[in-house]
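*Asks:* Structure incoming, see below.
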Amino acid sequence: MQYENTPISSNVEDRRGQGGGGGLPMGGGGLGIGAIIVIFAISYFTGISPQVLMGGAEIIASHNGGGAPQTQPVSTGPAADPNDPMRTFIAHVLGGTEAVWATVLPEQTGVQYTPAPLVLYDGATRSGCGGARSAMGPFYCPIDKKVYLDTSFFRDMKTKYGGGGDFAYAYVIAHEIGHHVQDLLGILDKVDAAKERVGQTQANALSVRVELMADCLAGVWAANANQKWQILEPGDIEKALATAQAIGDDRLQTAARGYAVPDSFTHGSAAARQQWLTTGLKSGQVASCDTFSK
Ligand SMILES: [Zn+2]
C-alpha cells in the first residue's frame, strides 16, 4: 500500500503508555456502593444505560470478579513516541478516510462528513460505550463518536490470524470509520430502534447487515482513495480479503458486551464479508452498500 501521499489526520488521540486505566480512578475495588446508587438513579431519570454511565467501572468489575482488592494495571512503558511508524501510518490512513468521506459523503448522500477521532491505547482505556480492552478488538462507539484501537490487534492479525500488511490494517480502520459513516447517515440509530422490536435472532441478523455494510463502505473508501492517491499495490486486495476472512467473530465475540458497540456482535460469514468489500471496491458508491435490501 502506498499511503505516503494521503493527508495526515490530526484526530489521532494517543493514550498509549498511560497505564491500563487511561486516567480511570483505579484501585480500591471499583466504585463504592454510593456511587453505584447514584449511577442507577441518574440512569433511571435520564434513560441512559447504567453500563454507559459506569463506563470504565466494567474494567474493574470484570478483572477482580468482585470483592478482592483491585491491583492497578501497570503502565506498559514510557509515553508513546508521537513519531513512531505505527502512529504515523494510522494518521495517514485516518487522514485518507477523512479526505475521501469529506467529498464522497456529501456528493453521494447530501450528508456532511464530520471526522471521528481515533483513540490508540494499550491494554485498557475508557470509552463512551464502557471500558475498552484489547480483547474486544477495534470498535466504534456511537456515543462519543470515536474509534478505539489497541495496536496489539495489528500484531495479533499478523501472528494469530495470518493477516497483516499495511492495506489489511487500513481496511480495519476503514471498516470502523464505515460505522461512523453509518452513524452520520442515521443507520445505527434506525437499526438500534429496529432491534428493540425483534427477537435475538433477528437482532443478530440486523447486526450482520450493519457489519457487512461497514465492509462495503471500507471498499468505497479504498476505491476513492485509490483514485486520488493510487494507494493500491499488487496483492493488497487479496490481503484485505484474507483479513476479512481471518478476523471473523472469534476474537470479537470474546468481548464483554458493551452498550451499542457494533463490533461486539457477529460479523457475518467470511464469504459475505469478502463479497461486500469487493462490492464497495468495484463501485466506489455508498448506494451499492445497501445490505439491508439484498
Ligand atoms: Zn464492525
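In the C-alpha cells, chains take the letters A, B, ... in the order shown, each chain's residues start at 1, and ligands count up from 1 in the order shown.
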DSSP on the backbone, alpha helix (DSSP H) only: what residues of stretch 73-229 of chain A does that give? Format it as a VMD selection string.

*Replies:* chain A and resid 85 to 109 152 to 159 166 to 184 187 to 196 200 to 229

*Asks:* Next, write the just-selected residues to a file, as a PDB file, in the first residue's frame, keeping C-alpha atoms as the atom set.

*Replies:*
ATOM      1  CA  PRO A  85       5.886   4.452  12.437  1.00  0.00           C
ATOM      2  CA  MET A  86       2.644   2.769  13.509  1.00  0.00           C
ATOM      3  CA  ARG A  87       1.130   6.032  14.666  1.00  0.00           C
ATOM      4  CA  THR A  88       2.273   7.839  11.508  1.00  0.00           C
ATOM      5  CA  PHE A  89       0.756   5.102   9.367  1.00  0.00           C
ATOM      6  CA  ILE A  90      -2.548   5.218  11.272  1.00  0.00           C
ATOM      7  CA  ALA A  91      -2.652   9.036  10.997  1.00  0.00           C
ATOM      8  CA  HIS A  92      -2.188   8.706   7.221  1.00  0.00           C
ATOM      9  CA  VAL A  93      -4.928   6.113   6.885  1.00  0.00           C
ATOM     10  CA  LEU A  94      -7.308   8.116   9.070  1.00  0.00           C
ATOM     11  CA  GLY A  95      -6.436  11.283   7.123  1.00  0.00           C
ATOM     12  CA  GLY A  96      -7.174   9.403   3.913  1.00  0.00           C
ATOM     13  CA  THR A  97     -10.613   8.354   5.166  1.00  0.00           C
ATOM     14  CA  GLU A  98     -11.345  11.932   6.262  1.00  0.00           C
ATOM     15  CA  ALA A  99     -10.403  13.431   2.887  1.00  0.00           C
ATOM     16  CA  VAL A 100     -12.356  10.800   0.934  1.00  0.00           C
ATOM     17  CA  TRP A 101     -15.502  10.948   3.038  1.00  0.00           C
ATOM     18  CA  ALA A 102     -15.447  14.756   3.214  1.00  0.00           C
ATOM     19  CA  THR A 103     -16.111  14.785  -0.536  1.00  0.00           C
ATOM     20  CA  VAL A 104     -17.779  11.432  -1.224  1.00  0.00           C
ATOM     21  CA  LEU A 105     -20.393  11.566   1.541  1.00  0.00           C
ATOM     22  CA  PRO A 106     -21.910  14.969   0.626  1.00  0.00           C
ATOM     23  CA  GLU A 107     -21.610  14.221  -3.099  1.00  0.00           C
ATOM     24  CA  GLN A 108     -23.305  10.856  -2.905  1.00  0.00           C
ATOM     25  CA  THR A 109     -25.696  11.278   0.035  1.00  0.00           C
ATOM     26  CA  SER A 152      -1.737  -5.090  19.678  1.00  0.00           C
ATOM     27  CA  PHE A 153      -4.641  -6.032  17.419  1.00  0.00           C
ATOM     28  CA  PHE A 154      -2.437  -5.427  14.390  1.00  0.00           C
ATOM     29  CA  ARG A 155       0.295  -7.611  15.881  1.00  0.00           C
ATOM     30  CA  ASP A 156      -2.297 -10.337  16.510  1.00  0.00           C
ATOM     31  CA  MET A 157      -3.559 -10.060  12.956  1.00  0.00           C
ATOM     32  CA  LYS A 158      -0.091 -10.984  11.794  1.00  0.00           C
ATOM     33  CA  THR A 159       0.803 -13.667  14.311  1.00  0.00           C
ATOM     34  CA  ASP A 166      -0.439  -2.193   5.507  1.00  0.00           C
ATOM     35  CA  PHE A 167      -3.585  -2.416   3.460  1.00  0.00           C
ATOM     36  CA  ALA A 168      -5.131  -5.037   5.740  1.00  0.00           C
ATOM     37  CA  TYR A 169      -4.615  -2.694   8.701  1.00  0.00           C
ATOM     38  CA  ALA A 170      -6.001   0.200   6.686  1.00  0.00           C
ATOM     39  CA  TYR A 171      -9.054  -1.894   5.891  1.00  0.00           C
ATOM     40  CA  VAL A 172      -9.683  -2.488   9.608  1.00  0.00           C
ATOM     41  CA  ILE A 173      -9.558   1.274  10.257  1.00  0.00           C
ATOM     42  CA  ALA A 174     -11.726   1.987   7.210  1.00  0.00           C
ATOM     43  CA  HIS A 175     -14.284  -0.568   8.456  1.00  0.00           C
ATOM     44  CA  GLU A 176     -14.558   1.244  11.812  1.00  0.00           C
ATOM     45  CA  ILE A 177     -14.842   4.594  10.032  1.00  0.00           C
ATOM     46  CA  GLY A 178     -17.542   2.863   7.963  1.00  0.00           C
ATOM     47  CA  HIS A 179     -19.521   2.520  11.206  1.00  0.00           C
ATOM     48  CA  HIS A 180     -19.067   6.248  11.780  1.00  0.00           C
ATOM     49  CA  VAL A 181     -20.427   6.912   8.284  1.00  0.00           C
ATOM     50  CA  GLN A 182     -23.414   4.688   9.120  1.00  0.00           C
ATOM     51  CA  ASP A 183     -23.875   6.723  12.281  1.00  0.00           C
ATOM     52  CA  LEU A 184     -23.817  10.004  10.336  1.00  0.00           C
ATOM     53  CA  ILE A 187     -28.431   3.973  10.112  1.00  0.00           C
ATOM     54  CA  LEU A 188     -27.091   2.903  13.518  1.00  0.00           C
ATOM     55  CA  ASP A 189     -29.987   4.635  15.306  1.00  0.00           C
ATOM     56  CA  LYS A 190     -32.543   3.074  12.997  1.00  0.00           C
ATOM     57  CA  VAL A 191     -31.053  -0.381  13.450  1.00  0.00           C
ATOM     58  CA  ASP A 192     -30.955   0.037  17.238  1.00  0.00           C
ATOM     59  CA  ALA A 193     -34.620   1.024  17.220  1.00  0.00           C
ATOM     60  CA  ALA A 194     -35.499  -1.939  14.993  1.00  0.00           C
ATOM     61  CA  LYS A 195     -33.612  -4.316  17.288  1.00  0.00           C
ATOM     62  CA  GLU A 196     -35.842  -3.272  20.182  1.00  0.00           C
ATOM     63  CA  GLN A 200     -32.453 -12.046  19.458  1.00  0.00           C
ATOM     64  CA  THR A 201     -32.010 -13.959  16.210  1.00  0.00           C
ATOM     65  CA  GLN A 202     -33.408 -11.157  14.088  1.00  0.00           C
ATOM     66  CA  ALA A 203     -31.420  -8.607  16.069  1.00  0.00           C
ATOM     67  CA  ASN A 204     -28.245 -10.564  15.291  1.00  0.00           C
ATOM     68  CA  ALA A 205     -29.198 -10.669  11.629  1.00  0.00           C
ATOM     69  CA  LEU A 206     -29.544  -6.886  11.651  1.00  0.00           C
ATOM     70  CA  SER A 207     -26.100  -6.608  13.277  1.00  0.00           C
ATOM     71  CA  VAL A 208     -24.613  -8.712  10.497  1.00  0.00           C
ATOM     72  CA  ARG A 209     -26.109  -6.335   7.915  1.00  0.00           C
ATOM     73  CA  VAL A 210     -24.533  -3.397   9.740  1.00  0.00           C
ATOM     74  CA  GLU A 211     -21.151  -5.150   9.706  1.00  0.00           C
ATOM     75  CA  LEU A 212     -21.323  -6.114   6.045  1.00  0.00           C
ATOM     76  CA  MET A 213     -22.266  -2.561   5.155  1.00  0.00           C
ATOM     77  CA  ALA A 214     -19.196  -1.297   7.043  1.00  0.00           C
ATOM     78  CA  ASP A 215     -17.072  -3.719   4.990  1.00  0.00           C
ATOM     79  CA  CYS A 216     -18.636  -2.348   1.809  1.00  0.00           C
ATOM     80  CA  LEU A 217     -18.037   1.247   2.943  1.00  0.00           C
ATOM     81  CA  ALA A 218     -14.397   0.329   3.573  1.00  0.00           C
ATOM     82  CA  GLY A 219     -14.336  -0.783  -0.055  1.00  0.00           C
ATOM     83  CA  VAL A 220     -15.904   2.524  -1.151  1.00  0.00           C
ATOM     84  CA  TRP A 221     -13.146   4.358   0.720  1.00  0.00           C
ATOM     85  CA  ALA A 222     -10.419   2.206  -0.881  1.00  0.00           C
ATOM     86  CA  ALA A 223     -11.813   2.767  -4.384  1.00  0.00           C
ATOM     87  CA  ASN A 224     -11.925   6.548  -3.955  1.00  0.00           C
ATOM     88  CA  ALA A 225      -8.588   6.723  -2.120  1.00  0.00           C
ATOM     89  CA  ASN A 226      -7.004   4.755  -4.922  1.00  0.00           C
ATOM     90  CA  GLN A 227      -8.408   7.164  -7.473  1.00  0.00           C
ATOM     91  CA  LYS A 228      -6.989  10.140  -5.530  1.00  0.00           C
ATOM     92  CA  TRP A 229      -3.608   8.779  -4.434  1.00  0.00           C
TER      93      TRP A 229
END

*Asks:* Please, which residues of stretch 70-208 of chain A, numbered as in this document, come out strand (DSSP E or B) from DSSP, as a short mmCIF file (atom, residue, chain, number, x, y, z; two decimals) with C-alpha atoms, in the first residue's frame?

*Replies:*
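See result-v3.cif below for the written result:
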data_model
loop_
_atom_site.label_atom_id
_atom_site.label_comp_id
_atom_site.auth_asym_id
_atom_site.auth_seq_id
_atom_site.Cartn_x
_atom_site.Cartn_y
_atom_site.Cartn_z
CA LEU A 118 -9.30 7.55 16.69
CA VAL A 119 -8.11 6.56 20.16
CA LEU A 120 -4.93 4.49 20.25
CA TYR A 121 -4.49 2.63 23.51
CA ALA A 124 -7.43 -0.88 28.51
CA THR A 125 -9.00 2.53 28.40
CA ARG A 126 -12.41 4.04 28.86
CA SER A 127 -14.79 4.85 26.06
CA GLY A 130 -17.90 1.48 28.56
CA GLY A 131 -14.49 0.03 29.26
CA ALA A 132 -12.36 -0.78 26.22
CA ARG A 133 -9.97 -3.72 26.38
CA PHE A 139 -14.65 -0.81 17.64
CA TYR A 140 -16.59 2.37 17.00
CA CYS A 141 -18.53 3.94 19.86
CA LYS A 146 -14.70 7.71 18.42
CA VAL A 147 -12.89 4.68 17.07
CA TYR A 148 -10.94 2.64 19.65
CA LEU A 149 -7.91 0.69 18.55
CA ASP A 150 -5.39 -1.25 20.59
#

*Asks:* Which is closest to ligand 1 among A:Ile231, A:Ile237, A:Pro142, A:Gly284, if we use only C-alpha atoms and all ligand atoms?

*Replies:*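 Selected residue with least distance to ligand 1: A:Pro142.
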
*Asks:* Would you please work out which residue, of A:Met1, A:Ala270, A:Leu281, A:Ile143, is nearest to A:Leu232 when using only C-alpha atoms?

*Replies:*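 Once distances to A:Leu232 are computed over only C-alpha atoms, the minimum belongs to A:Met1.
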
*Asks:* Could you work out how far atom CA of A:Ala116 lies from atom CA of A:Arg16, giving the answer in Å with one decimal?

*Replies:*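 Computing the Euclidean distance for atom CA of A:Arg16 and atom CA of A:Ala116 yields 18.4 Å.
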
*Asks:* With distances taken over only C-alpha atoms, which of A:Lys145, A:Lys239, A:Arg197, A:Arg15 is nearest to A:Asp122?

*Replies:*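 Between A:Lys145, A:Lys239, A:Arg197, A:Arg15, the residue approaching A:Asp122 most closely is A:Arg15.
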
*Asks:* Go through A:Ile8, A:Thr278, A:Pro138, A:Leu185 one by one, measure the shortest atom-to-atom distance of each to ligand 1 using only C-alpha atoms and all ligand atoms, and give the residue with the smallest value.

*Replies:*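 For ligand 1, the nearest of the given residues is A:Pro138.
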
*Asks:* Report, in Å with one decimal, the straight-line distance from atom CA of A:Asp236 to atom CA of A:Val286.

*Replies:*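 Spanning atom CA of A:Asp236 to atom CA of A:Val286 is a straight-line distance of 21.4 Å.
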
*Asks:* Could you work out how far atom CA of A:Pro117 lies from atom 1 (Zn, counted along the ligand's line) of ligand 1, giving the answer in Å with one decimal?

*Replies:* 16.2 Å

*Asks:* Using only C-alpha atoms and all ligand atoms, can you tell me which of A:Ala287, A:Met136, A:Cys129, A:Val12 comes closest to ligand 1?

*Replies:*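 Answer, going by the shortest atom-to-atom distance: A:Met136.
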